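So this block is query-v9.cif, mmCIF, N, CA, C and O atoms:
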data_query
#
loop_
_atom_site.label_atom_id
_atom_site.label_comp_id
_atom_site.auth_asym_id
_atom_site.auth_seq_id
_atom_site.Cartn_x
_atom_site.Cartn_y
_atom_site.Cartn_z
N MET A 824 5.32 -40.25 -31.24
CA MET A 824 6.26 -39.30 -31.78
C MET A 824 6.17 -38.00 -30.97
O MET A 824 5.09 -37.51 -30.70
N SER A 825 7.30 -37.46 -30.62
CA SER A 825 7.31 -36.19 -29.89
C SER A 825 7.04 -35.05 -30.86
O SER A 825 7.21 -35.18 -32.07
N ARG A 826 6.57 -33.93 -30.30
CA ARG A 826 6.36 -32.74 -31.12
C ARG A 826 6.76 -31.52 -30.31
O ARG A 826 6.72 -31.52 -29.09
N THR A 827 7.14 -30.47 -31.04
CA THR A 827 7.57 -29.23 -30.41
C THR A 827 6.49 -28.18 -30.58
O THR A 827 5.95 -28.01 -31.67
N VAL A 828 6.17 -27.50 -29.48
CA VAL A 828 5.15 -26.44 -29.49
C VAL A 828 5.70 -25.24 -28.71
O VAL A 828 6.62 -25.37 -27.90
N ALA A 829 5.12 -24.09 -28.95
CA ALA A 829 5.44 -22.93 -28.12
C ALA A 829 4.86 -23.18 -26.74
O ALA A 829 3.78 -23.76 -26.60
N LEU A 830 5.57 -22.77 -25.72
CA LEU A 830 5.13 -22.98 -24.35
C LEU A 830 3.70 -22.47 -24.14
O LEU A 830 2.91 -23.08 -23.42
N ARG A 831 3.33 -21.37 -24.81
CA ARG A 831 1.98 -20.80 -24.63
C ARG A 831 0.87 -21.76 -25.05
O ARG A 831 -0.27 -21.57 -24.68
N ALA A 832 1.21 -22.80 -25.81
CA ALA A 832 0.20 -23.79 -26.21
C ALA A 832 -0.20 -24.70 -25.05
O ALA A 832 -1.29 -25.28 -25.07
N ILE A 833 0.66 -24.80 -24.04
CA ILE A 833 0.37 -25.72 -22.93
C ILE A 833 0.36 -25.05 -21.56
O ILE A 833 0.10 -25.70 -20.56
N ALA A 834 0.65 -23.74 -21.52
CA ALA A 834 0.77 -23.07 -20.22
C ALA A 834 0.39 -21.59 -20.32
O ALA A 834 0.36 -21.02 -21.41
N HIS A 835 0.12 -21.01 -19.16
CA HIS A 835 -0.08 -19.57 -19.08
C HIS A 835 0.89 -19.03 -18.04
O HIS A 835 1.49 -19.80 -17.27
N ALA A 836 1.07 -17.71 -18.01
CA ALA A 836 2.06 -17.13 -17.11
C ALA A 836 1.58 -15.79 -16.56
O ALA A 836 0.75 -15.12 -17.17
N ARG A 837 2.15 -15.43 -15.41
CA ARG A 837 1.92 -14.13 -14.80
C ARG A 837 3.28 -13.58 -14.39
O ARG A 837 4.14 -14.33 -13.94
N ALA A 838 3.46 -12.29 -14.56
CA ALA A 838 4.73 -11.66 -14.19
C ALA A 838 4.48 -10.59 -13.14
O ALA A 838 3.40 -10.00 -13.07
N GLY A 839 5.49 -10.34 -12.35
CA GLY A 839 5.44 -9.28 -11.35
C GLY A 839 6.82 -8.70 -11.15
O GLY A 839 7.80 -9.20 -11.71
N ASP A 840 6.90 -7.63 -10.37
CA ASP A 840 8.20 -7.00 -10.16
C ASP A 840 8.25 -6.33 -8.81
O ASP A 840 7.23 -6.02 -8.20
N LYS A 841 9.46 -6.11 -8.36
CA LYS A 841 9.73 -5.32 -7.16
C LYS A 841 11.14 -4.78 -7.35
O LYS A 841 12.11 -5.54 -7.36
N GLY A 842 11.24 -3.48 -7.56
CA GLY A 842 12.55 -2.89 -7.82
C GLY A 842 13.13 -3.43 -9.11
O GLY A 842 12.50 -3.37 -10.16
N ASN A 843 14.32 -3.97 -9.03
CA ASN A 843 15.01 -4.51 -10.21
C ASN A 843 14.88 -6.03 -10.29
O ASN A 843 15.62 -6.70 -10.98
N ARG A 844 13.93 -6.57 -9.56
CA ARG A 844 13.68 -8.02 -9.54
C ARG A 844 12.35 -8.28 -10.21
O ARG A 844 11.36 -7.61 -9.95
N SER A 845 12.32 -9.29 -11.08
CA SER A 845 11.07 -9.69 -11.72
C SER A 845 10.84 -11.16 -11.42
O SER A 845 11.78 -11.91 -11.18
N ASN A 846 9.58 -11.53 -11.41
CA ASN A 846 9.29 -12.95 -11.29
C ASN A 846 8.24 -13.32 -12.34
O ASN A 846 7.42 -12.49 -12.74
N VAL A 847 8.36 -14.54 -12.82
CA VAL A 847 7.40 -15.08 -13.78
C VAL A 847 6.96 -16.43 -13.25
O VAL A 847 7.79 -17.30 -12.99
N ALA A 848 5.65 -16.59 -13.10
CA ALA A 848 5.08 -17.88 -12.71
C ALA A 848 4.43 -18.49 -13.95
O ALA A 848 3.67 -17.82 -14.65
N VAL A 849 4.77 -19.74 -14.21
CA VAL A 849 4.26 -20.47 -15.38
C VAL A 849 3.46 -21.66 -14.87
O VAL A 849 3.94 -22.43 -14.04
N PHE A 850 2.21 -21.80 -15.37
CA PHE A 850 1.32 -22.85 -14.92
C PHE A 850 0.83 -23.67 -16.11
O PHE A 850 0.34 -23.10 -17.09
N ALA A 851 0.95 -24.99 -16.02
CA ALA A 851 0.46 -25.88 -17.08
C ALA A 851 -1.07 -25.85 -17.10
O ALA A 851 -1.72 -25.89 -16.05
N PHE A 852 -1.64 -25.76 -18.30
CA PHE A 852 -3.09 -25.87 -18.43
C PHE A 852 -3.56 -27.26 -18.00
O PHE A 852 -4.57 -27.41 -17.34
N ASP A 853 -2.80 -28.26 -18.41
CA ASP A 853 -3.12 -29.66 -18.13
C ASP A 853 -2.05 -30.22 -17.18
O ASP A 853 -0.86 -30.16 -17.50
N PRO A 854 -2.44 -30.73 -16.02
CA PRO A 854 -1.44 -31.28 -15.09
C PRO A 854 -0.51 -32.32 -15.72
O PRO A 854 0.62 -32.49 -15.27
N ALA A 855 -0.95 -32.98 -16.78
CA ALA A 855 -0.10 -33.98 -17.46
C ALA A 855 1.15 -33.34 -18.07
O ALA A 855 2.13 -34.04 -18.34
N HIS A 856 1.15 -32.03 -18.26
CA HIS A 856 2.31 -31.35 -18.85
C HIS A 856 3.29 -30.81 -17.81
O HIS A 856 4.34 -30.29 -18.17
N TYR A 857 2.96 -30.93 -16.54
CA TYR A 857 3.83 -30.36 -15.50
C TYR A 857 5.24 -30.96 -15.53
O TYR A 857 6.22 -30.22 -15.45
N ASP A 858 5.36 -32.27 -15.63
CA ASP A 858 6.70 -32.88 -15.64
C ASP A 858 7.52 -32.38 -16.82
O ASP A 858 8.74 -32.17 -16.70
N THR A 859 6.88 -32.19 -17.96
CA THR A 859 7.58 -31.67 -19.14
C THR A 859 8.08 -30.25 -18.86
O THR A 859 9.22 -29.92 -19.18
N LEU A 860 7.23 -29.43 -18.26
CA LEU A 860 7.65 -28.07 -17.89
C LEU A 860 8.83 -28.13 -16.93
O LEU A 860 9.82 -27.42 -17.11
N ARG A 861 8.70 -28.94 -15.90
CA ARG A 861 9.76 -29.03 -14.88
C ARG A 861 11.08 -29.48 -15.50
O ARG A 861 12.14 -28.96 -15.14
N ASP A 862 11.02 -30.40 -16.46
CA ASP A 862 12.24 -30.92 -17.07
C ASP A 862 12.89 -29.92 -18.03
O ASP A 862 14.11 -29.86 -18.12
N GLN A 863 12.08 -29.18 -18.78
CA GLN A 863 12.62 -28.34 -19.85
C GLN A 863 12.73 -26.86 -19.54
O GLN A 863 13.51 -26.15 -20.16
N LEU A 864 11.95 -26.38 -18.60
CA LEU A 864 11.96 -24.95 -18.28
C LEU A 864 12.75 -24.75 -16.99
O LEU A 864 12.22 -24.83 -15.89
N THR A 865 14.03 -24.51 -17.15
CA THR A 865 14.94 -24.41 -16.01
C THR A 865 15.49 -22.99 -15.90
O THR A 865 15.44 -22.21 -16.86
N ALA A 866 16.05 -22.68 -14.75
CA ALA A 866 16.71 -21.39 -14.55
C ALA A 866 17.87 -21.25 -15.53
O ALA A 866 18.09 -20.19 -16.11
N GLU A 867 18.59 -22.34 -15.73
CA GLU A 867 19.73 -22.32 -16.65
C GLU A 867 19.28 -22.03 -18.08
O GLU A 867 19.94 -21.30 -18.82
N ARG A 868 18.15 -22.58 -18.46
CA ARG A 868 17.65 -22.32 -19.82
C ARG A 868 17.26 -20.85 -19.98
O ARG A 868 17.55 -20.24 -21.00
N LEU A 869 16.60 -20.28 -18.98
CA LEU A 869 16.26 -18.86 -19.08
C LEU A 869 17.51 -18.00 -19.20
O LEU A 869 17.54 -17.07 -20.01
N LYS A 870 18.54 -18.31 -18.44
CA LYS A 870 19.81 -17.58 -18.55
C LYS A 870 20.41 -17.75 -19.94
O LYS A 870 20.92 -16.79 -20.52
N ARG A 871 20.34 -18.94 -20.48
CA ARG A 871 20.90 -19.21 -21.81
C ARG A 871 20.10 -18.47 -22.89
O ARG A 871 20.66 -17.85 -23.78
N GLU A 872 18.78 -18.51 -22.81
CA GLU A 872 17.93 -17.91 -23.83
C GLU A 872 17.87 -16.39 -23.73
O GLU A 872 17.77 -15.71 -24.75
N PHE A 873 17.90 -15.85 -22.52
CA PHE A 873 17.70 -14.41 -22.31
C PHE A 873 18.87 -13.76 -21.58
O PHE A 873 18.70 -12.73 -20.93
N GLY A 874 20.04 -14.35 -21.70
CA GLY A 874 21.21 -13.88 -20.95
C GLY A 874 21.51 -12.40 -21.10
O GLY A 874 21.93 -11.75 -20.15
N ALA A 875 21.27 -11.84 -22.28
CA ALA A 875 21.56 -10.41 -22.49
C ALA A 875 20.62 -9.53 -21.67
O ALA A 875 20.95 -8.39 -21.35
N LEU A 876 19.46 -10.05 -21.30
CA LEU A 876 18.48 -9.29 -20.53
C LEU A 876 18.54 -9.58 -19.03
O LEU A 876 18.01 -8.81 -18.23
N LEU A 877 19.16 -10.69 -18.68
CA LEU A 877 19.22 -11.12 -17.28
C LEU A 877 20.63 -10.93 -16.75
O LEU A 877 21.49 -11.77 -16.94
N ALA A 878 20.85 -9.81 -16.06
CA ALA A 878 22.19 -9.52 -15.55
C ALA A 878 22.50 -10.28 -14.27
O ALA A 878 23.66 -10.52 -13.95
N GLY A 879 21.46 -10.69 -13.54
CA GLY A 879 21.67 -11.35 -12.26
C GLY A 879 21.25 -12.80 -12.28
O GLY A 879 20.92 -13.37 -13.32
N PRO A 880 21.24 -13.42 -11.11
CA PRO A 880 20.87 -14.82 -11.01
C PRO A 880 19.37 -15.05 -11.24
O PRO A 880 18.56 -14.14 -11.08
N VAL A 881 19.05 -16.28 -11.63
CA VAL A 881 17.67 -16.72 -11.80
C VAL A 881 17.48 -17.92 -10.89
O VAL A 881 18.29 -18.85 -10.91
N VAL A 882 16.43 -17.89 -10.08
CA VAL A 882 16.14 -19.00 -9.17
C VAL A 882 14.75 -19.52 -9.52
O VAL A 882 13.81 -18.74 -9.69
N ARG A 883 14.63 -20.84 -9.62
CA ARG A 883 13.34 -21.46 -9.92
C ARG A 883 12.79 -22.11 -8.67
O ARG A 883 13.49 -22.82 -7.95
N TYR A 884 11.50 -21.89 -8.44
CA TYR A 884 10.77 -22.53 -7.34
C TYR A 884 9.68 -23.40 -7.96
O TYR A 884 8.93 -22.94 -8.81
N GLU A 885 9.61 -24.65 -7.53
CA GLU A 885 8.61 -25.57 -8.05
C GLU A 885 7.34 -25.48 -7.21
O GLU A 885 7.39 -25.39 -5.98
N LEU A 886 6.20 -25.50 -7.90
CA LEU A 886 4.88 -25.44 -7.26
C LEU A 886 4.07 -26.64 -7.74
O LEU A 886 3.11 -26.49 -8.50
N PRO A 887 4.44 -27.85 -7.33
CA PRO A 887 3.81 -29.05 -7.90
C PRO A 887 2.31 -29.15 -7.67
O PRO A 887 1.58 -29.62 -8.54
N SER A 888 1.82 -28.69 -6.54
CA SER A 888 0.38 -28.81 -6.29
C SER A 888 -0.42 -27.85 -7.19
O SER A 888 -1.62 -28.05 -7.39
N LEU A 889 0.25 -26.85 -7.75
CA LEU A 889 -0.38 -25.91 -8.68
C LEU A 889 0.02 -26.18 -10.13
O LEU A 889 -0.38 -25.44 -11.03
N HIS A 890 0.87 -27.19 -10.34
CA HIS A 890 1.38 -27.54 -11.67
C HIS A 890 2.11 -26.35 -12.29
O HIS A 890 1.94 -26.05 -13.47
N GLY A 891 2.92 -25.69 -11.45
CA GLY A 891 3.60 -24.49 -11.92
C GLY A 891 5.03 -24.36 -11.45
O GLY A 891 5.51 -25.12 -10.60
N LEU A 892 5.68 -23.38 -12.03
CA LEU A 892 7.05 -23.02 -11.69
C LEU A 892 7.10 -21.51 -11.53
O LEU A 892 6.46 -20.78 -12.29
N ASN A 893 7.85 -21.01 -10.55
CA ASN A 893 8.02 -19.58 -10.38
C ASN A 893 9.50 -19.25 -10.50
O ASN A 893 10.34 -19.87 -9.84
N PHE A 894 9.81 -18.31 -11.37
CA PHE A 894 11.19 -17.88 -11.59
C PHE A 894 11.38 -16.48 -11.03
O PHE A 894 10.64 -15.56 -11.37
N VAL A 895 12.38 -16.33 -10.17
CA VAL A 895 12.74 -15.03 -9.63
C VAL A 895 14.05 -14.63 -10.29
O VAL A 895 15.04 -15.35 -10.23
N MET A 896 14.00 -13.46 -10.96
CA MET A 896 15.13 -13.01 -11.77
C MET A 896 15.63 -11.67 -11.24
O MET A 896 14.91 -10.67 -11.29
N ASP A 897 16.85 -11.67 -10.71
CA ASP A 897 17.45 -10.44 -10.20
C ASP A 897 18.13 -9.68 -11.33
O ASP A 897 18.62 -10.29 -12.29
N ASP A 898 18.19 -8.36 -11.19
CA ASP A 898 18.81 -7.50 -12.20
C ASP A 898 18.24 -7.78 -13.58
O ASP A 898 18.96 -7.91 -14.56
N ALA A 899 16.90 -7.85 -13.64
CA ALA A 899 16.22 -8.20 -14.89
C ALA A 899 15.42 -7.04 -15.48
O ALA A 899 14.76 -7.22 -16.49
N LEU A 900 15.45 -5.87 -14.83
CA LEU A 900 14.59 -4.77 -15.29
C LEU A 900 15.36 -3.48 -15.55
O LEU A 900 14.80 -2.39 -15.50
N GLU A 901 16.66 -3.61 -15.80
CA GLU A 901 17.51 -2.45 -16.10
C GLU A 901 17.36 -1.36 -15.04
O GLU A 901 17.29 -0.18 -15.34
N GLY A 902 17.26 -1.76 -13.79
CA GLY A 902 17.16 -0.82 -12.69
C GLY A 902 15.78 -0.71 -12.08
O GLY A 902 15.62 -0.18 -11.00
N GLY A 903 14.76 -1.17 -12.77
CA GLY A 903 13.40 -1.11 -12.24
C GLY A 903 12.64 0.11 -12.74
O GLY A 903 13.14 0.92 -13.50
N VAL A 904 11.40 0.21 -12.32
CA VAL A 904 10.47 1.23 -12.81
C VAL A 904 11.03 2.64 -12.69
O VAL A 904 10.92 3.44 -13.60
N ASN A 905 11.62 2.97 -11.56
CA ASN A 905 12.07 4.35 -11.32
C ASN A 905 13.42 4.68 -11.93
O ASN A 905 13.78 5.85 -11.99
N GLU A 906 14.15 3.68 -12.39
CA GLU A 906 15.50 3.93 -12.90
C GLU A 906 15.67 3.61 -14.37
O GLU A 906 16.57 4.13 -15.01
N SER A 907 14.84 2.77 -14.92
CA SER A 907 15.05 2.25 -16.26
C SER A 907 14.42 3.12 -17.34
O SER A 907 13.35 3.70 -17.15
N LEU A 908 15.07 3.18 -18.48
CA LEU A 908 14.49 3.80 -19.68
C LEU A 908 13.78 2.75 -20.52
O LEU A 908 13.23 3.06 -21.57
N ASN A 909 13.80 1.51 -20.06
CA ASN A 909 13.15 0.40 -20.76
C ASN A 909 11.65 0.70 -20.88
O ASN A 909 11.03 1.21 -19.94
N LEU A 910 11.06 0.39 -22.02
CA LEU A 910 9.63 0.63 -22.20
C LEU A 910 8.77 -0.21 -21.27
O LEU A 910 7.62 0.12 -21.03
N ASP A 911 9.32 -1.30 -20.76
CA ASP A 911 8.57 -2.16 -19.85
C ASP A 911 9.32 -2.25 -18.52
O ASP A 911 9.82 -3.31 -18.16
N GLY A 912 9.39 -1.17 -17.80
CA GLY A 912 10.10 -1.16 -16.52
C GLY A 912 9.48 -2.06 -15.47
O GLY A 912 10.11 -2.42 -14.50
N HIS A 913 8.20 -2.42 -15.65
CA HIS A 913 7.53 -3.32 -14.72
C HIS A 913 7.83 -4.79 -15.00
O HIS A 913 7.55 -5.64 -14.17
N GLY A 914 8.33 -5.12 -16.17
CA GLY A 914 8.66 -6.50 -16.48
C GLY A 914 7.49 -7.35 -16.92
O GLY A 914 7.57 -8.57 -16.94
N LYS A 915 6.37 -6.74 -17.31
CA LYS A 915 5.21 -7.54 -17.72
C LYS A 915 5.48 -8.33 -18.99
O LYS A 915 4.87 -9.37 -19.21
N SER A 916 6.38 -7.87 -19.83
CA SER A 916 6.66 -8.61 -21.07
C SER A 916 7.43 -9.90 -20.81
O SER A 916 7.52 -10.75 -21.69
N TRP A 917 7.97 -10.08 -19.60
CA TRP A 917 8.68 -11.32 -19.31
C TRP A 917 7.80 -12.55 -19.52
O TRP A 917 8.25 -13.57 -20.03
N SER A 918 6.53 -12.47 -19.14
CA SER A 918 5.67 -13.64 -19.32
C SER A 918 5.53 -13.97 -20.80
O SER A 918 5.56 -15.13 -21.19
N SER A 919 5.42 -12.96 -21.65
CA SER A 919 5.31 -13.20 -23.09
C SER A 919 6.60 -13.79 -23.65
O SER A 919 6.57 -14.71 -24.48
N LEU A 920 7.74 -13.29 -23.21
CA LEU A 920 9.02 -13.82 -23.67
C LEU A 920 9.16 -15.30 -23.30
O LEU A 920 9.56 -16.13 -24.13
N VAL A 921 8.85 -15.63 -22.06
CA VAL A 921 8.98 -17.01 -21.60
C VAL A 921 7.99 -17.92 -22.34
O VAL A 921 8.35 -19.03 -22.77
N LEU A 922 6.75 -17.47 -22.52
CA LEU A 922 5.75 -18.30 -23.22
C LEU A 922 6.09 -18.52 -24.69
O LEU A 922 5.55 -19.42 -25.32
N GLY A 923 7.01 -17.74 -25.23
CA GLY A 923 7.45 -17.93 -26.61
C GLY A 923 8.50 -19.02 -26.78
O GLY A 923 8.83 -19.39 -27.91
N LEU A 924 9.02 -19.56 -25.68
CA LEU A 924 10.02 -20.63 -25.77
C LEU A 924 9.38 -21.91 -26.29
O LEU A 924 8.21 -22.19 -26.04
N ASP A 925 10.17 -22.71 -27.01
CA ASP A 925 9.70 -24.00 -27.49
C ASP A 925 9.83 -25.07 -26.43
O ASP A 925 10.81 -25.09 -25.67
N ILE A 926 8.85 -25.95 -26.40
CA ILE A 926 8.83 -27.09 -25.49
C ILE A 926 8.57 -28.34 -26.34
O ILE A 926 7.71 -28.33 -27.21
N THR A 927 9.33 -29.39 -26.07
CA THR A 927 9.12 -30.65 -26.78
C THR A 927 8.26 -31.56 -25.93
O THR A 927 8.63 -31.92 -24.81
N LEU A 928 7.10 -31.91 -26.46
CA LEU A 928 6.17 -32.79 -25.76
C LEU A 928 6.49 -34.24 -26.08
O LEU A 928 6.56 -34.61 -27.25
N PRO A 929 6.69 -35.06 -25.06
CA PRO A 929 6.92 -36.49 -25.32
C PRO A 929 5.67 -37.14 -25.86
O PRO A 929 4.55 -36.65 -25.63
N PRO A 930 5.81 -38.25 -26.56
CA PRO A 930 4.65 -38.92 -27.18
C PRO A 930 3.52 -39.24 -26.21
O PRO A 930 2.34 -39.11 -26.54
N GLU A 931 3.87 -39.60 -24.98
CA GLU A 931 2.83 -40.05 -24.03
C GLU A 931 1.96 -38.90 -23.53
O GLU A 931 0.88 -39.14 -23.01
N VAL A 932 2.39 -37.62 -23.68
CA VAL A 932 1.57 -36.49 -23.26
C VAL A 932 1.27 -35.54 -24.40
O VAL A 932 0.55 -34.56 -24.21
N GLY A 933 1.82 -35.78 -25.57
CA GLY A 933 1.68 -34.88 -26.72
C GLY A 933 0.28 -34.65 -27.11
O GLY A 933 -0.18 -33.69 -27.60
#
How would this structure read if it were set down as structure tokens?
Amino acid sequence: MSRTVALRAIAHARAGDKGNRSNVAVFAFDPAHYDTLRDQLTAERLKREFGALLAGPVVRYELPSLHGLNFVMDDALEGGVNESLNLDGHGKSWSSLVLGLDITLPPEVG
């Protein structure tokens, strides 16, 4: 039977920024969960879930040897550190937002 968990139950993340661009790298704790991450955590899903915060494109890069995915998000920081009134101009909260997404684990890896 499949089950749904918050992404933070199976992965950790790091966020970074440069100007108005943020990136979030998500890494599976267990390599057995990498395929599930790759299938369910897409650039399109981030745009759908966080569209109001993501004004620009989102590009996903796969890191299979590290069991991770890196998302580069343009126009994601309301102008960046020097221009934004956002409390998190550096974009560090992006990792927390992404880790809060639900992931459905298939029975064979649940």
Next item on the list: Give me the result of the PyMOL selection byres ((chain A and resi 879) around 7) on this file, residue by residue, as a list in words.
Entry: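 After applying the PyMOL selection byres ((chain A and resi 879) around 7), what remains is Lys870, Gly874, Leu876, Leu877, Ala878, Pro880, Val881, Val895, Met896, Asp897, Asp898 and Ala899 of chain A.
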Notebook entry, point to check: Using all atoms listed in the file, which of A:Arg871, A:His856, A:Arg844, A:Arg861 sits nearest Phe894 (chain A)?
Noted result: A:Arg844
Next item on the list: For atom O of Val849 (chain A) and atom N of Ile926 (chain A), quote the distance in Å rounded to one decimal.
Entry: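 Value for the atom O of Val849 (chain A)-atom N of Ile926 (chain A) distance: 13.8 Å.
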Check: What is the atom C of Ala834 (chain A) to atom N of Tyr884 (chain A) distance in Å?
Finding: 16.3 Å
Margin query: One decimal, in Å: what's the spacing between atom O of Gly842 (chain A) and atom C of Leu924 (chain A)?
Written below: 24.8 Å
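Between Phe873 (chain A) and the residues A:Val921, A:Thr859, A:His890, A:Pro929, the shortest atom-to-atom distance, using only C-alpha atoms, involves A:Val921.
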Name the residues that the PyMOL selection byres ((chain A and resi 827) around 7) pulls out of this structure, and write them as a short mmCIF file (atom, residue, chain, number, x, y, z; two decimals) with N, CA, C and O atoms, in the frame of the given file.
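Result file is selection.cif:
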data_model
loop_
_atom_site.label_atom_id
_atom_site.label_comp_id
_atom_site.auth_asym_id
_atom_site.auth_seq_id
_atom_site.Cartn_x
_atom_site.Cartn_y
_atom_site.Cartn_z
N SER A 825 7.30 -37.46 -30.62
CA SER A 825 7.31 -36.19 -29.89
C SER A 825 7.04 -35.05 -30.86
O SER A 825 7.21 -35.18 -32.07
N ARG A 826 6.57 -33.93 -30.30
CA ARG A 826 6.36 -32.74 -31.12
C ARG A 826 6.76 -31.52 -30.31
O ARG A 826 6.72 -31.52 -29.09
N VAL A 828 6.17 -27.50 -29.48
CA VAL A 828 5.15 -26.44 -29.49
C VAL A 828 5.70 -25.24 -28.71
O VAL A 828 6.62 -25.37 -27.90
N ALA A 829 5.12 -24.09 -28.95
CA ALA A 829 5.44 -22.93 -28.12
C ALA A 829 4.86 -23.18 -26.74
O ALA A 829 3.78 -23.76 -26.60
N ASP A 925 10.17 -22.71 -27.01
CA ASP A 925 9.70 -24.00 -27.49
C ASP A 925 9.83 -25.07 -26.43
O ASP A 925 10.81 -25.09 -25.67
N ILE A 926 8.85 -25.95 -26.40
CA ILE A 926 8.83 -27.09 -25.49
C ILE A 926 8.57 -28.34 -26.34
O ILE A 926 7.71 -28.33 -27.21
N THR A 927 9.33 -29.39 -26.07
CA THR A 927 9.12 -30.65 -26.78
C THR A 927 8.26 -31.56 -25.93
O THR A 927 8.63 -31.92 -24.81
N LEU A 928 7.10 -31.91 -26.46
CA LEU A 928 6.17 -32.79 -25.76
C LEU A 928 6.49 -34.24 -26.08
O LEU A 928 6.56 -34.61 -27.25
#
Next item on the list: Run DSSP on the backbone of this structure and report the residues of region 869-904 of chain A it assigns to helix (DSSP H, G or I), as a list in words.
Entry: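 Listing helix (DSSP H, G or I) positions across region 869-904 of chain A yields Leu869, Lys870, Arg871, Glu872, Phe873, Pro887, Ser888 and Leu889 of chain A.
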Next item on the list: Apply DSSP to the backbone of this structure and, from chain A, keep only the residues in strand (DSSP E or B); write these as a PyMOL selection string.
Entry: chain A and resi 826-829+834-841+844-851+881-886+891-896+925-928
Next item on the list: Mind listing whatever residues come within 8 Å of the point (4.8, -11.9, -18.9)? Use only N, CA, C and O atoms, file coordinates, and give them as a list in words.
Entry: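 Those residues lying close to the given coordinates are Ala836, Arg837, Ala838, Gly839, Asn846, Val847, Ala848, Gly914, Lys915, Ser916, Trp917, Ser918, Ser919, Leu920, Val921 and Leu922 of chain A.
Among the candidates A:Glu872, A:Ala855, A:Asn893, A:Asp840, the one nearest to Val932 (chain A) when counting only N, CA, C and O atoms is A:Ala855.
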